$ cat final-v3.cif   # mmCIF, C-alpha atoms, pLDDT in the B column; chains and numbers go by the auth columns
data_protein
loop_
_atom_site.group_PDB
_atom_site.id
_atom_site.type_symbol
_atom_site.label_atom_id
_atom_site.label_comp_id
_atom_site.label_asym_id
_atom_site.label_seq_id
_atom_site.Cartn_x
_atom_site.Cartn_y
_atom_site.Cartn_z
_atom_site.B_iso_or_equiv
_atom_site.auth_seq_id
_atom_site.auth_asym_id
ATOM 1 C CA SER A 1 130.019 85.041 89.283 37.00 17 A
ATOM 2 C CA ARG A 2 128.084 86.473 92.154 39.00 18 A
ATOM 3 C CA ARG A 3 125.086 84.612 93.440 42.00 19 A
ATOM 4 C CA ASN A 4 122.498 85.351 96.076 41.00 20 A
ATOM 5 C CA VAL A 5 122.922 83.161 99.119 43.00 21 A
ATOM 6 C CA PHE A 6 120.381 83.099 101.892 42.00 22 A
ATOM 7 C CA SER A 7 121.954 83.898 105.221 40.00 23 A
ATOM 8 C CA SER A 8 118.714 82.834 106.805 41.00 24 A
ATOM 9 C CA ALA A 9 116.731 80.032 105.238 42.00 25 A
ATOM 10 C CA SER A 10 113.668 80.024 107.448 40.00 26 A
ATOM 11 C CA LEU A 11 111.588 78.923 104.484 43.00 27 A
ATOM 12 C CA LEU A 12 113.254 75.493 104.635 47.00 28 A
ATOM 13 C CA ILE A 13 112.140 74.741 108.177 47.00 29 A
ATOM 14 C CA MET A 14 108.698 76.285 108.313 50.00 30 A
ATOM 15 C CA PRO A 15 105.977 73.632 108.719 52.00 31 A
ATOM 16 C CA GLN A 16 103.306 73.290 106.055 56.00 32 A
ATOM 17 C CA VAL A 17 100.274 75.421 106.891 56.00 33 A
ATOM 18 C CA ALA A 18 96.732 75.399 105.546 60.00 34 A
ATOM 19 C CA SER A 19 96.758 79.070 104.619 75.00 35 A
ATOM 20 C CA ALA A 20 99.865 80.929 103.502 86.00 36 A
ATOM 21 C CA GLU A 21 100.823 84.328 102.151 90.00 37 A
ATOM 22 C CA GLU A 22 103.672 84.961 99.718 91.00 38 A
ATOM 23 C CA TYR A 23 106.333 87.635 99.401 90.00 39 A
ATOM 24 C CA THR A 24 108.399 87.804 96.215 90.00 40 A
ATOM 25 C CA GLY A 25 111.890 89.201 96.668 86.00 41 A
ATOM 26 C CA THR A 26 115.096 89.371 94.672 79.00 42 A
ATOM 27 C CA GLY A 27 115.267 85.893 93.136 79.00 43 A
ATOM 28 C CA TYR A 28 113.052 84.070 95.655 82.00 44 A
ATOM 29 C CA THR A 29 109.499 83.633 96.891 86.00 45 A
ATOM 30 C CA PHE A 30 108.919 83.422 100.641 87.00 46 A
ATOM 31 C CA SER A 31 105.761 81.681 101.876 89.00 47 A
ATOM 32 C CA TYR A 32 104.627 82.305 105.435 90.00 48 A
ATOM 33 C CA PRO A 33 101.540 81.513 107.566 91.00 49 A
ATOM 34 C CA SER A 34 98.664 83.932 106.980 92.00 50 A
ATOM 35 C CA GLU A 35 98.499 84.547 110.743 93.00 51 A
ATOM 36 C CA PHE A 36 101.791 86.458 110.401 93.00 52 A
ATOM 37 C CA ALA A 37 101.951 90.047 109.126 93.00 53 A
ATOM 38 C CA LEU A 38 104.685 91.783 107.141 92.00 54 A
ATOM 39 C CA ALA A 39 106.773 93.983 109.421 92.00 55 A
ATOM 40 C CA SER A 40 109.078 96.807 108.477 86.00 56 A
ATOM 41 C CA LYS A 41 112.644 97.134 109.688 80.00 57 A
ATOM 42 C CA PRO A 42 113.839 100.616 110.619 80.00 58 A
ATOM 43 C CA VAL A 43 117.228 100.138 108.937 84.00 59 A
ATOM 44 C CA LYS A 44 117.873 98.047 105.825 83.00 60 A
ATOM 45 C CA THR A 45 121.163 96.157 106.243 86.00 61 A
ATOM 46 C CA HIS A 46 120.984 93.551 103.442 87.00 62 A
ATOM 47 C CA LEU A 47 120.502 93.449 99.670 89.00 63 A
ATOM 48 C CA ASP A 48 116.975 92.182 100.278 89.00 64 A
ATOM 49 C CA GLU A 49 115.141 91.259 103.461 89.00 65 A
ATOM 50 C CA VAL A 50 111.646 90.416 104.601 89.00 66 A
ATOM 51 C CA LEU A 51 110.343 89.995 108.136 89.00 67 A
ATOM 52 C CA VAL A 52 106.952 88.717 109.266 92.00 68 A
ATOM 53 C CA LYS A 53 105.679 88.707 112.843 93.00 69 A
ATOM 54 C CA GLN A 54 102.975 87.180 114.990 93.00 70 A
ATOM 55 C CA GLY A 55 103.239 88.504 118.526 91.00 71 A
ATOM 56 C CA LYS A 56 106.814 87.840 119.665 85.00 72 A
ATOM 57 C CA ARG A 57 107.439 85.215 116.964 88.00 73 A
ATOM 58 C CA GLN A 58 109.336 86.309 113.861 87.00 74 A
ATOM 59 C CA ILE A 59 110.244 84.641 110.579 86.00 75 A
ATOM 60 C CA GLY A 60 112.544 86.290 108.089 85.00 76 A
ATOM 61 C CA VAL A 61 114.748 85.954 105.051 86.00 77 A
ATOM 62 C CA VAL A 62 117.822 88.021 104.241 83.00 78 A
ATOM 63 C CA VAL A 63 119.756 87.959 100.975 85.00 79 A
ATOM 64 C CA ASP A 64 123.293 89.236 100.460 84.00 80 A
ATOM 65 C CA ARG A 65 125.629 89.018 97.471 85.00 81 A
ATOM 66 C CA VAL A 66 128.693 86.871 97.966 84.00 82 A
ATOM 67 C CA LYS A 67 131.577 85.783 95.740 90.00 83 A
ATOM 68 C CA LEU A 68 130.717 82.080 95.908 89.00 84 A
ATOM 69 C CA ASN A 69 129.147 79.774 93.367 88.00 85 A
ATOM 70 C CA ARG A 70 128.162 77.154 95.956 88.00 86 A
ATOM 71 C CA LEU A 71 127.543 77.276 99.684 88.00 87 A
ATOM 72 C CA GLU A 72 129.974 74.381 100.152 92.00 88 A
ATOM 73 C CA ASP A 73 132.781 76.608 98.820 93.00 89 A
ATOM 74 C CA PHE A 74 132.540 78.625 102.054 93.00 90 A
ATOM 75 C CA GLY A 75 132.799 75.593 104.345 95.00 91 A
ATOM 76 C CA ASP A 76 130.885 72.733 105.895 95.00 92 A
ATOM 77 C CA PRO A 77 127.777 73.378 108.057 96.00 93 A
ATOM 78 C CA ASN A 78 129.726 73.402 111.323 97.00 94 A
ATOM 79 C CA PHE A 79 132.275 75.918 109.995 97.00 95 A
ATOM 80 C CA VAL A 80 129.515 78.203 108.682 95.00 96 A
ATOM 81 C CA GLY A 81 127.607 77.884 111.966 96.00 97 A
ATOM 82 C CA GLU A 82 130.674 78.843 113.988 97.00 98 A
ATOM 83 C CA ARG A 83 131.185 81.884 111.728 96.00 99 A
ATOM 84 C CA VAL A 84 127.558 82.927 112.306 94.00 100 A
ATOM 85 C CA VAL A 85 128.033 82.607 116.076 96.00 101 A
ATOM 86 C CA LYS A 86 131.276 84.601 115.899 96.00 102 A
ATOM 87 C CA SER A 87 129.429 87.295 113.961 94.00 103 A
ATOM 88 C CA GLU A 88 126.653 87.350 116.573 94.00 104 A
ATOM 89 C CA LEU A 89 129.238 87.837 119.330 96.00 105 A
ATOM 90 C CA GLY A 90 130.477 90.942 117.512 94.00 106 A
ATOM 91 C CA ARG A 91 127.039 92.589 117.498 92.00 107 A
ATOM 92 C CA ASP A 92 126.315 95.434 119.878 93.00 108 A
ATOM 93 C CA GLY A 93 124.811 94.222 123.154 95.00 109 A
ATOM 94 C CA VAL A 94 125.332 90.483 122.522 96.00 110 A
ATOM 95 C CA THR A 95 126.947 88.837 125.551 96.00 111 A
ATOM 96 C CA ASP A 96 126.788 85.171 124.539 97.00 112 A
ATOM 97 C CA ALA A 97 126.059 83.030 121.471 97.00 113 A
ATOM 98 C CA GLN A 98 126.048 79.258 121.062 97.00 114 A
ATOM 99 C CA LEU A 99 125.747 76.977 118.037 97.00 115 A
ATOM 100 C CA LEU A 100 123.317 74.173 118.910 97.00 116 A
ATOM 101 C CA SER A 101 123.297 72.250 115.625 96.00 117 A
ATOM 102 C CA ALA A 102 124.476 72.463 112.024 97.00 118 A
ATOM 103 C CA ASP A 103 123.229 70.157 109.266 95.00 119 A
ATOM 104 C CA LYS A 104 123.393 69.924 105.491 94.00 120 A
ATOM 105 C CA ILE A 105 120.177 69.603 103.472 91.00 121 A
ATOM 106 C CA VAL A 106 120.177 68.778 99.754 89.00 122 A
ATOM 107 C CA LYS A 107 116.822 69.472 98.114 85.00 123 A
ATOM 108 C CA LYS A 108 115.383 67.519 95.176 81.00 124 A
ATOM 109 C CA ASP A 109 116.498 70.268 92.790 85.00 125 A
ATOM 110 C CA GLY A 110 120.104 69.618 93.862 85.00 126 A
ATOM 111 C CA VAL A 111 120.514 72.902 95.753 85.00 127 A
ATOM 112 C CA THR A 112 122.356 72.595 99.063 89.00 128 A
ATOM 113 C CA TYR A 113 121.164 74.443 102.159 89.00 129 A
ATOM 114 C CA TYR A 114 122.564 74.517 105.681 92.00 130 A
ATOM 115 C CA TYR A 115 120.219 74.275 108.644 92.00 131 A
ATOM 116 C CA LEU A 116 121.665 76.109 111.637 94.00 132 A
ATOM 117 C CA GLU A 117 120.232 76.355 115.134 94.00 133 A
ATOM 118 C CA TYR A 118 121.814 78.839 117.497 95.00 134 A
ATOM 119 C CA THR A 119 121.047 81.093 120.445 94.00 135 A
ATOM 120 C CA ASN A 120 122.221 84.460 121.617 94.00 136 A
ATOM 121 C CA ALA A 121 121.854 86.462 124.802 95.00 137 A
ATOM 122 C CA SER A 122 121.860 90.225 124.534 94.00 138 A
ATOM 123 C CA SER A 123 120.897 93.369 126.359 95.00 139 A
ATOM 124 C CA ARG A 124 117.669 93.226 124.286 90.00 140 A
ATOM 125 C CA GLY A 125 116.774 89.696 125.407 91.00 141 A
ATOM 126 C CA ASP A 126 117.559 86.067 124.647 92.00 142 A
ATOM 127 C CA ASN A 127 116.929 84.716 121.149 90.00 143 A
ATOM 128 C CA HIS A 128 116.682 81.273 119.565 90.00 144 A
ATOM 129 C CA PHE A 129 117.380 81.138 115.820 89.00 145 A
ATOM 130 C CA LEU A 130 116.669 78.515 113.187 87.00 146 A
ATOM 131 C CA ALA A 131 118.442 79.433 109.964 87.00 147 A
#
$ encode --input "final-v3.cif" --output "structure tokens"
Amino acid sequence: SRRNVFSSASLLIMPQVASAEEYTGTGYTFSYPSEFALASKPVKTHLDEVLVKQGKRQIGVVVDRVKLNRLEDFGDPNFVGERVVKSELGRDGVTDAQLLSADKIVKKDGVTYYYLEYTNASSRGDNHFLA
């Protein structure tokens, strides 16, 4: 069966805030600090996606359908992180990408998430991602 897998799980790493807003997407609810505002993307490239911004800071979630029942079926955190970096290197304008860390997180509900930290350098600037 097909399941939605988050290719960016920013909601796992966001610190608790006193005041939060919520966005309900396809099978998930995304909470973000009220200081951030929903932002539109000019081109939709995923099944579902949400982006919030505060100045130059951005937090987002993207959802794509995959043919996996569990994240672990794709590979361990390091393997998935290397695939993300390889994908970044294939993007237009990206000149460098590095995986900084890859960890496995199992939540109380038994769902497994991967925490990935990586950077990229591109013609549009340097970026630091927590996914």
$ atom_distance --input "final-v3.cif" --atom1 "CA of Phe52 (chain A)" --atom2 "CA of Asp112 (chain A)"
28.7 Å
$ closest_residue --input "final-v3.cif" --among "A:Gly97, A:Gly91, A:Gly76, A:Gly71" --to "Glu51 (chain A)" --atoms "only C-alpha atoms"
A:Gly71
$ residues_around --input "final-v3.cif" --residues "Ser56 (chain A)" --least-positions-apart "5" --cutoff "10 Å" --atoms "all atoms listed in the file" --output "PyMOL selection string"
chain A and resi 65-69
$ atom_distance --input "final-v3.cif" --atom1 "CA of Ser47 (chain A)" --atom2 "CA of Arg140 (chain A)"
27.9 Å
$ closest_residue --input "final-v3.cif" --among "A:Ser50, A:Ser35, A:Lys57, A:Asn136" --to "Val100 (chain A)" --atoms "only C-alpha atoms"
A:Asn136
$ resolve_selection --input "final-v3.cif" --expression "the PyMOL selection byres ((chain A and resi 99) around 12)" --output "mmCIF file with C-alpha atoms, keeping the file's coordinate frame"
data_model
loop_
_atom_site.group_PDB
_atom_site.id
_atom_site.type_symbol
_atom_site.label_atom_id
_atom_site.label_comp_id
_atom_site.auth_asym_id
_atom_site.auth_seq_id
_atom_site.Cartn_x
_atom_site.Cartn_y
_atom_site.Cartn_z
ATOM 1 C CA SER A 23 121.954 83.898 105.221
ATOM 2 C CA PHE A 90 132.540 78.625 102.054
ATOM 3 C CA GLY A 91 132.799 75.593 104.345
ATOM 4 C CA ASP A 92 130.885 72.733 105.895
ATOM 5 C CA PRO A 93 127.777 73.378 108.057
ATOM 6 C CA ASN A 94 129.726 73.402 111.323
ATOM 7 C CA PHE A 95 132.275 75.918 109.995
ATOM 8 C CA VAL A 96 129.515 78.203 108.682
ATOM 9 C CA GLY A 97 127.607 77.884 111.966
ATOM 10 C CA GLU A 98 130.674 78.843 113.988
ATOM 11 C CA VAL A 100 127.558 82.927 112.306
ATOM 12 C CA VAL A 101 128.033 82.607 116.076
ATOM 13 C CA LYS A 102 131.276 84.601 115.899
ATOM 14 C CA SER A 103 129.429 87.295 113.961
ATOM 15 C CA GLU A 104 126.653 87.350 116.573
ATOM 16 C CA LEU A 105 129.238 87.837 119.330
ATOM 17 C CA GLY A 106 130.477 90.942 117.512
ATOM 18 C CA ALA A 113 126.059 83.030 121.471
ATOM 19 C CA GLN A 114 126.048 79.258 121.062
ATOM 20 C CA LEU A 115 125.747 76.977 118.037
ATOM 21 C CA ALA A 118 124.476 72.463 112.024
ATOM 22 C CA LEU A 132 121.665 76.109 111.637
ATOM 23 C CA TYR A 134 121.814 78.839 117.497
#
$ atom_distance --input "final-v3.cif" --atom1 "CA of Glu38 (chain A)" --atom2 "CA of Ile75 (chain A)"
12.7 Å
$ closest_residue --input "final-v3.cif" --among "A:Ala53, A:His144, A:Thr42, A:Asp108" --to "Arg81 (chain A)" --atoms "only C-alpha atoms"
A:Thr42
$ resolve_selection --input "final-v3.cif" --expression "the PyMOL selection byres ((chain A and resi 127) around 12)" --output "list in words"
Val21, Phe22, Leu28, Asn85, Arg86, Leu87, Glu88, Lys120, Ile121, Val122, Lys123, Lys124, Asp125, Gly126, Thr128, Tyr129 and Tyr130 of chain A
$ residues_around --input "final-v3.cif" --residues "Glu133 (chain A)" --least-positions-apart "2" --cutoff "8 Å" --atoms "all atoms listed in the file" --output "PyMOL selection string"
chain A and resi 115-118+131+135+144-147
$ decode --input "final-v3.cif" --residues "region 103-134 of chain A" --atoms "N, CA, C and O atoms" --output "short mmCIF file (atom, residue, chain, number, x, y, z; two decimals), in the first residue's frame"
data_model
loop_
_atom_site.label_atom_id
_atom_site.label_comp_id
_atom_site.auth_asym_id
_atom_site.auth_seq_id
_atom_site.Cartn_x
_atom_site.Cartn_y
_atom_site.Cartn_z
N SER A 103 20.47 13.98 -4.26
CA SER A 103 19.36 14.67 -4.94
C SER A 103 19.61 16.17 -4.99
O SER A 103 19.36 16.82 -6.00
N GLU A 104 20.09 16.73 -3.89
CA GLU A 104 20.41 18.16 -3.85
C GLU A 104 21.45 18.52 -4.91
O GLU A 104 21.34 19.53 -5.58
N LEU A 105 22.47 17.66 -5.05
CA LEU A 105 23.53 17.92 -6.02
C LEU A 105 23.01 17.92 -7.45
O LEU A 105 23.62 18.51 -8.34
N GLY A 106 21.89 17.27 -7.69
CA GLY A 106 21.29 17.24 -9.02
C GLY A 106 20.39 18.43 -9.33
O GLY A 106 19.92 18.59 -10.45
N ARG A 107 20.15 19.27 -8.33
CA ARG A 107 19.27 20.44 -8.54
C ARG A 107 20.01 21.54 -9.27
O ARG A 107 21.22 21.74 -9.10
N ASP A 108 19.28 22.29 -10.06
CA ASP A 108 19.84 23.38 -10.84
C ASP A 108 20.50 24.43 -9.93
O ASP A 108 19.88 24.90 -8.98
N GLY A 109 21.74 24.75 -10.21
CA GLY A 109 22.44 25.79 -9.47
C GLY A 109 23.16 25.33 -8.22
O GLY A 109 23.93 26.08 -7.62
N VAL A 110 22.94 24.09 -7.77
CA VAL A 110 23.60 23.59 -6.55
C VAL A 110 25.01 23.13 -6.91
O VAL A 110 25.20 22.31 -7.79
N THR A 111 25.99 23.70 -6.20
CA THR A 111 27.40 23.39 -6.47
C THR A 111 28.02 22.46 -5.43
O THR A 111 29.05 21.85 -5.69
N ASP A 112 27.40 22.38 -4.25
CA ASP A 112 27.93 21.51 -3.20
C ASP A 112 26.81 21.16 -2.23
O ASP A 112 25.89 21.95 -2.03
N ALA A 113 26.89 19.98 -1.64
CA ALA A 113 25.94 19.56 -0.61
C ALA A 113 26.66 18.58 0.31
O ALA A 113 27.43 17.74 -0.17
N GLN A 114 26.42 18.70 1.60
CA GLN A 114 27.08 17.86 2.59
C GLN A 114 26.09 17.39 3.64
O GLN A 114 25.31 18.19 4.17
N LEU A 115 26.13 16.10 3.96
CA LEU A 115 25.35 15.55 5.06
C LEU A 115 26.13 15.77 6.34
O LEU A 115 27.28 15.34 6.45
N LEU A 116 25.53 16.45 7.32
CA LEU A 116 26.22 16.73 8.58
C LEU A 116 25.88 15.70 9.65
O LEU A 116 26.73 15.34 10.46
N SER A 117 24.62 15.24 9.68
CA SER A 117 24.24 14.21 10.64
C SER A 117 22.97 13.51 10.17
O SER A 117 22.19 14.06 9.40
N ALA A 118 22.81 12.28 10.66
CA ALA A 118 21.63 11.47 10.32
C ALA A 118 21.32 10.58 11.52
O ALA A 118 22.15 9.78 11.93
N ASP A 119 20.13 10.76 12.10
CA ASP A 119 19.76 10.00 13.29
C ASP A 119 18.35 9.44 13.16
O ASP A 119 17.51 9.98 12.44
N LYS A 120 18.09 8.39 13.88
CA LYS A 120 16.78 7.75 13.91
C LYS A 120 16.06 8.17 15.19
O LYS A 120 16.64 8.17 16.27
N ILE A 121 14.78 8.53 15.05
CA ILE A 121 13.96 8.92 16.19
C ILE A 121 12.71 8.06 16.17
O ILE A 121 12.01 8.00 15.16
N VAL A 122 12.42 7.37 17.27
CA VAL A 122 11.20 6.59 17.39
C VAL A 122 10.32 7.30 18.41
O VAL A 122 10.71 7.45 19.57
N LYS A 123 9.15 7.75 17.97
CA LYS A 123 8.24 8.47 18.84
C LYS A 123 7.45 7.49 19.71
O LYS A 123 7.43 6.29 19.46
N LYS A 124 6.78 8.01 20.73
CA LYS A 124 6.00 7.18 21.64
C LYS A 124 4.93 6.35 20.93
O LYS A 124 4.59 5.27 21.38
N ASP A 125 4.41 6.88 19.82
CA ASP A 125 3.38 6.14 19.08
C ASP A 125 3.96 5.04 18.22
O ASP A 125 3.24 4.35 17.50
N GLY A 126 5.29 4.85 18.28
CA GLY A 126 5.95 3.79 17.53
C GLY A 126 6.35 4.15 16.12
O GLY A 126 6.98 3.36 15.43
N VAL A 127 6.02 5.36 15.67
CA VAL A 127 6.39 5.80 14.32
C VAL A 127 7.86 6.20 14.31
O VAL A 127 8.34 6.88 15.22
N THR A 128 8.56 5.77 13.28
CA THR A 128 9.98 6.09 13.13
C THR A 128 10.15 7.28 12.21
O THR A 128 9.55 7.34 11.14
N TYR A 129 10.99 8.23 12.62
CA TYR A 129 11.35 9.38 11.82
C TYR A 129 12.87 9.42 11.70
O TYR A 129 13.57 8.92 12.57
N TYR A 130 13.37 10.03 10.64
CA TYR A 130 14.80 10.27 10.52
C TYR A 130 15.03 11.77 10.62
O TYR A 130 14.33 12.56 10.00
N TYR A 131 16.01 12.13 11.42
CA TYR A 131 16.43 13.52 11.58
C TYR A 131 17.69 13.69 10.74
O TYR A 131 18.70 13.03 11.00
N LEU A 132 17.62 14.55 9.74
CA LEU A 132 18.76 14.79 8.86
C LEU A 132 19.17 16.25 8.94
O LEU A 132 18.32 17.14 8.94
N GLU A 133 20.47 16.49 9.01
CA GLU A 133 21.00 17.84 8.95
C GLU A 133 21.97 17.88 7.78
O GLU A 133 22.89 17.07 7.69
N TYR A 134 21.73 18.81 6.87
CA TYR A 134 22.61 18.92 5.71
C TYR A 134 22.68 20.36 5.21
O TYR A 134 21.85 21.19 5.59
#
